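Have a look at the structure below before the remarks.
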Amino acid sequence: IEITSSASRWAQRDKVIAANKDIRAFCEATPGVKFIAVREKLLGSNGEPNGELFEADRLHPNAAGYKILADTIRPFLPKTAEPPSASAK
């Protein structure tokens with residue numbers, strides 16, 4: 001999962017982008033490993049972190065931010081069997 005950029009760590013964005021590039025290269029070179037791009041999903045139209053998606057600390061995503069992350073990551077998770085219904089007992 002890609003490292004996200006937050007307003008509180010915006011000064012390190014170039015390091016985050018470089019680290020993500022290395023992580024992506026590792027994932028692409030490693031069979032069975034996927035890279036999940038999430039960083040840009042938390043940015044606004046101006047290319048900076050969308051303040052509406054972060055807690056007041058400007059570091060951690062809020063519920064809306066975590067929903068975006070979950071919706072992005074979910075397709076990469078293995079499918080699980082449905083739990084047996086109560087009537088099947």
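Identifiers in this document derive from the order of the structure tokens: chains are assigned A, B, ..., residues are numbered from 1 separately in each chain, and ligands are numbered from 1 in order of occurrence.
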
Contacts of Ser5 of chain A within 8 Å, only C-alpha atoms, excl. fewer than 4 positions in-chain, as a list in words: Arg9, Trp10, Arg13, Val16, Arg39, Leu42, Leu43 and Pro49 of chain A

Write a file of the selected residues as a PDB file, in the first residue's frame, keeping N, CA and C atoms.
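So the final result, stored in result.pdb, reads:
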```pdb
ATOM      1  N   ARG A   9       2.791  16.378   6.913  1.00  0.00           N
ATOM      2  CA  ARG A   9       4.087  15.906   6.392  1.00  0.00           C
ATOM      3  C   ARG A   9       4.296  16.335   4.941  1.00  0.00           C
ATOM      4  N   TRP A  10       3.629  17.384   4.544  1.00  0.00           N
ATOM      5  CA  TRP A  10       3.695  17.847   3.164  1.00  0.00           C
ATOM      6  C   TRP A  10       5.122  18.226   2.762  1.00  0.00           C
ATOM      7  N   ARG A  13       6.984  15.488   0.960  1.00  0.00           N
ATOM      8  CA  ARG A  13       6.297  14.850  -0.161  1.00  0.00           C
ATOM      9  C   ARG A  13       7.257  14.287  -1.205  1.00  0.00           C
ATOM     10  N   VAL A  16       8.386  11.010   0.046  1.00  0.00           N
ATOM     11  CA  VAL A  16       7.281  10.056  -0.028  1.00  0.00           C
ATOM     12  C   VAL A  16       7.129   9.550  -1.463  1.00  0.00           C
ATOM     13  N   ARG A  39      -2.104   7.289  -2.696  1.00  0.00           N
ATOM     14  CA  ARG A  39      -1.676   8.642  -2.334  1.00  0.00           C
ATOM     15  C   ARG A  39      -2.514   9.722  -2.996  1.00  0.00           C
ATOM     16  N   LEU A  42      -6.193  10.894  -1.853  1.00  0.00           N
ATOM     17  CA  LEU A  42      -6.432  11.775  -0.715  1.00  0.00           C
ATOM     18  C   LEU A  42      -6.005  13.219  -1.000  1.00  0.00           C
ATOM     19  N   LEU A  43      -5.682  13.492  -2.260  1.00  0.00           N
ATOM     20  CA  LEU A  43      -5.301  14.846  -2.650  1.00  0.00           C
ATOM     21  C   LEU A  43      -6.494  15.563  -3.256  1.00  0.00           C
ATOM     22  N   PRO A  49      -2.971  17.713  -0.097  1.00  0.00           N
ATOM     23  CA  PRO A  49      -3.884  16.907   0.713  1.00  0.00           C
ATOM     24  C   PRO A  49      -5.234  17.610   0.908  1.00  0.00           C
TER      25      PRO A  49
END
```

Within 10 Å of Phe54 of chain A using only C-alpha atoms, minus same-chain residues under 6 positions, as a list in words: Ser6, Ala7, Leu42, His60, Pro61, Asn62, Ala63, Ala64, Gly65 and Tyr66 of chain A

Output all heavy atoms for every residue in that selection, as an mmCIF file, in the first residue's frame.
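And here is the file that came out, out20.cif:
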```cif
data_model
loop_
_atom_site.group_PDB
_atom_site.id
_atom_site.type_symbol
_atom_site.label_atom_id
_atom_site.label_comp_id
_atom_site.auth_asym_id
_atom_site.auth_seq_id
_atom_site.Cartn_x
_atom_site.Cartn_y
_atom_site.Cartn_z
ATOM 1 N N SER A 6 0.183 13.665 3.707
ATOM 2 C CA SER A 6 -0.736 14.411 4.566
ATOM 3 C C SER A 6 -0.223 15.840 4.700
ATOM 4 O O SER A 6 0.957 16.115 4.444
ATOM 5 C CB SER A 6 -0.832 13.755 5.941
ATOM 6 O OG SER A 6 0.424 13.802 6.577
ATOM 7 N N ALA A 7 -1.099 16.734 5.100
ATOM 8 C CA ALA A 7 -0.712 18.139 5.251
ATOM 9 C C ALA A 7 0.389 18.298 6.292
ATOM 10 O O ALA A 7 1.310 19.106 6.111
ATOM 11 C CB ALA A 7 -1.928 18.985 5.619
ATOM 12 N N LEU A 42 -6.193 10.894 -1.853
ATOM 13 C CA LEU A 42 -6.432 11.775 -0.715
ATOM 14 C C LEU A 42 -6.005 13.219 -1.000
ATOM 15 O O LEU A 42 -5.991 14.052 -0.104
ATOM 16 C CB LEU A 42 -5.723 11.247 0.532
ATOM 17 C CG LEU A 42 -6.172 9.861 1.016
ATOM 18 C CD1 LEU A 42 -5.409 9.461 2.255
ATOM 19 C CD2 LEU A 42 -7.666 9.817 1.264
ATOM 20 N N HIS A 60 -3.693 11.987 10.151
ATOM 21 C CA HIS A 60 -4.475 10.764 10.028
ATOM 22 C C HIS A 60 -5.765 11.001 9.236
ATOM 23 O O HIS A 60 -6.439 12.009 9.458
ATOM 24 C CB HIS A 60 -4.825 10.226 11.415
ATOM 25 C CG HIS A 60 -3.607 9.864 12.189
ATOM 26 N ND1 HIS A 60 -3.022 10.733 13.084
ATOM 27 C CD2 HIS A 60 -2.845 8.747 12.181
ATOM 28 C CE1 HIS A 60 -1.963 10.152 13.606
ATOM 29 N NE2 HIS A 60 -1.824 8.956 13.074
ATOM 30 N N PRO A 61 -6.103 10.057 8.351
ATOM 31 C CA PRO A 61 -7.379 10.182 7.637
ATOM 32 C C PRO A 61 -8.550 10.130 8.621
ATOM 33 O O PRO A 61 -8.479 9.485 9.668
ATOM 34 C CB PRO A 61 -7.399 8.958 6.717
ATOM 35 C CG PRO A 61 -5.970 8.542 6.591
ATOM 36 C CD PRO A 61 -5.331 8.902 7.899
ATOM 37 N N ASN A 62 -9.617 10.801 8.265
ATOM 38 C CA ASN A 62 -10.853 10.713 9.043
ATOM 39 C C ASN A 62 -11.712 9.602 8.434
ATOM 40 O O ASN A 62 -11.237 8.858 7.560
ATOM 41 C CB ASN A 62 -11.575 12.074 9.075
ATOM 42 C CG ASN A 62 -11.969 12.561 7.691
ATOM 43 O OD1 ASN A 62 -12.069 11.793 6.732
ATOM 44 N ND2 ASN A 62 -12.197 13.859 7.571
ATOM 45 N N ALA A 63 -12.950 9.467 8.858
ATOM 46 C CA ALA A 63 -13.819 8.391 8.361
ATOM 47 C C ALA A 63 -13.961 8.446 6.845
ATOM 48 O O ALA A 63 -13.901 7.409 6.176
ATOM 49 C CB ALA A 63 -15.177 8.459 9.043
ATOM 50 N N ALA A 64 -14.124 9.628 6.286
ATOM 51 C CA ALA A 64 -14.265 9.756 4.828
ATOM 52 C C ALA A 64 -12.971 9.354 4.121
ATOM 53 O O ALA A 64 -13.001 8.685 3.079
ATOM 54 C CB ALA A 64 -14.647 11.184 4.459
ATOM 55 N N GLY A 65 -11.835 9.730 4.694
ATOM 56 C CA GLY A 65 -10.549 9.344 4.120
ATOM 57 C C GLY A 65 -10.331 7.838 4.190
ATOM 58 O O GLY A 65 -9.883 7.216 3.218
ATOM 59 N N TYR A 66 -10.684 7.242 5.332
ATOM 60 C CA TYR A 66 -10.530 5.797 5.464
ATOM 61 C C TYR A 66 -11.488 5.043 4.542
ATOM 62 O O TYR A 66 -11.162 3.968 4.049
ATOM 63 C CB TYR A 66 -10.708 5.346 6.915
ATOM 64 C CG TYR A 66 -9.439 5.471 7.713
ATOM 65 C CD1 TYR A 66 -9.362 6.296 8.818
ATOM 66 C CD2 TYR A 66 -8.289 4.757 7.348
ATOM 67 C CE1 TYR A 66 -8.188 6.417 9.550
ATOM 68 C CE2 TYR A 66 -7.111 4.871 8.071
ATOM 69 C CZ TYR A 66 -7.069 5.700 9.170
ATOM 70 O OH TYR A 66 -5.892 5.819 9.875
#
```

All alpha helix (DSSP H) positions in chain A, as a VMD selection string: chain A and resid 13 to 29 63 to 73

Of the listed residues A:Leu59, A:Ala19, A:Ala11, A:Ile1, that which approaches Thr72 of chain A most closely, counting only C-alpha atoms: A:Ile1

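Closest approach to Ile73 of chain A from the set A:Asn50, A:Glu55, A:Phe35, A:Asp22 is made by A:Phe35, with distances taken over only C-alpha atoms.
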
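Picture a line from atom CA of Glu28 of chain A to atom CA of Lys41 of chain A; it runs 20.7 Å.
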
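In this comparison, which uses only C-alpha atoms, the residue of A:Ile68, A:Arg74, A:Ile23, A:Ala37 approaching Glu52 of chain A most closely is A:Ile68.
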
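Remark: for Glu40 of chain A, the closest of the candidate residues A:Ile17, A:Ala70, A:Leu77, A:Ala56 is A:Ile17 (distances computed over only C-alpha atoms).
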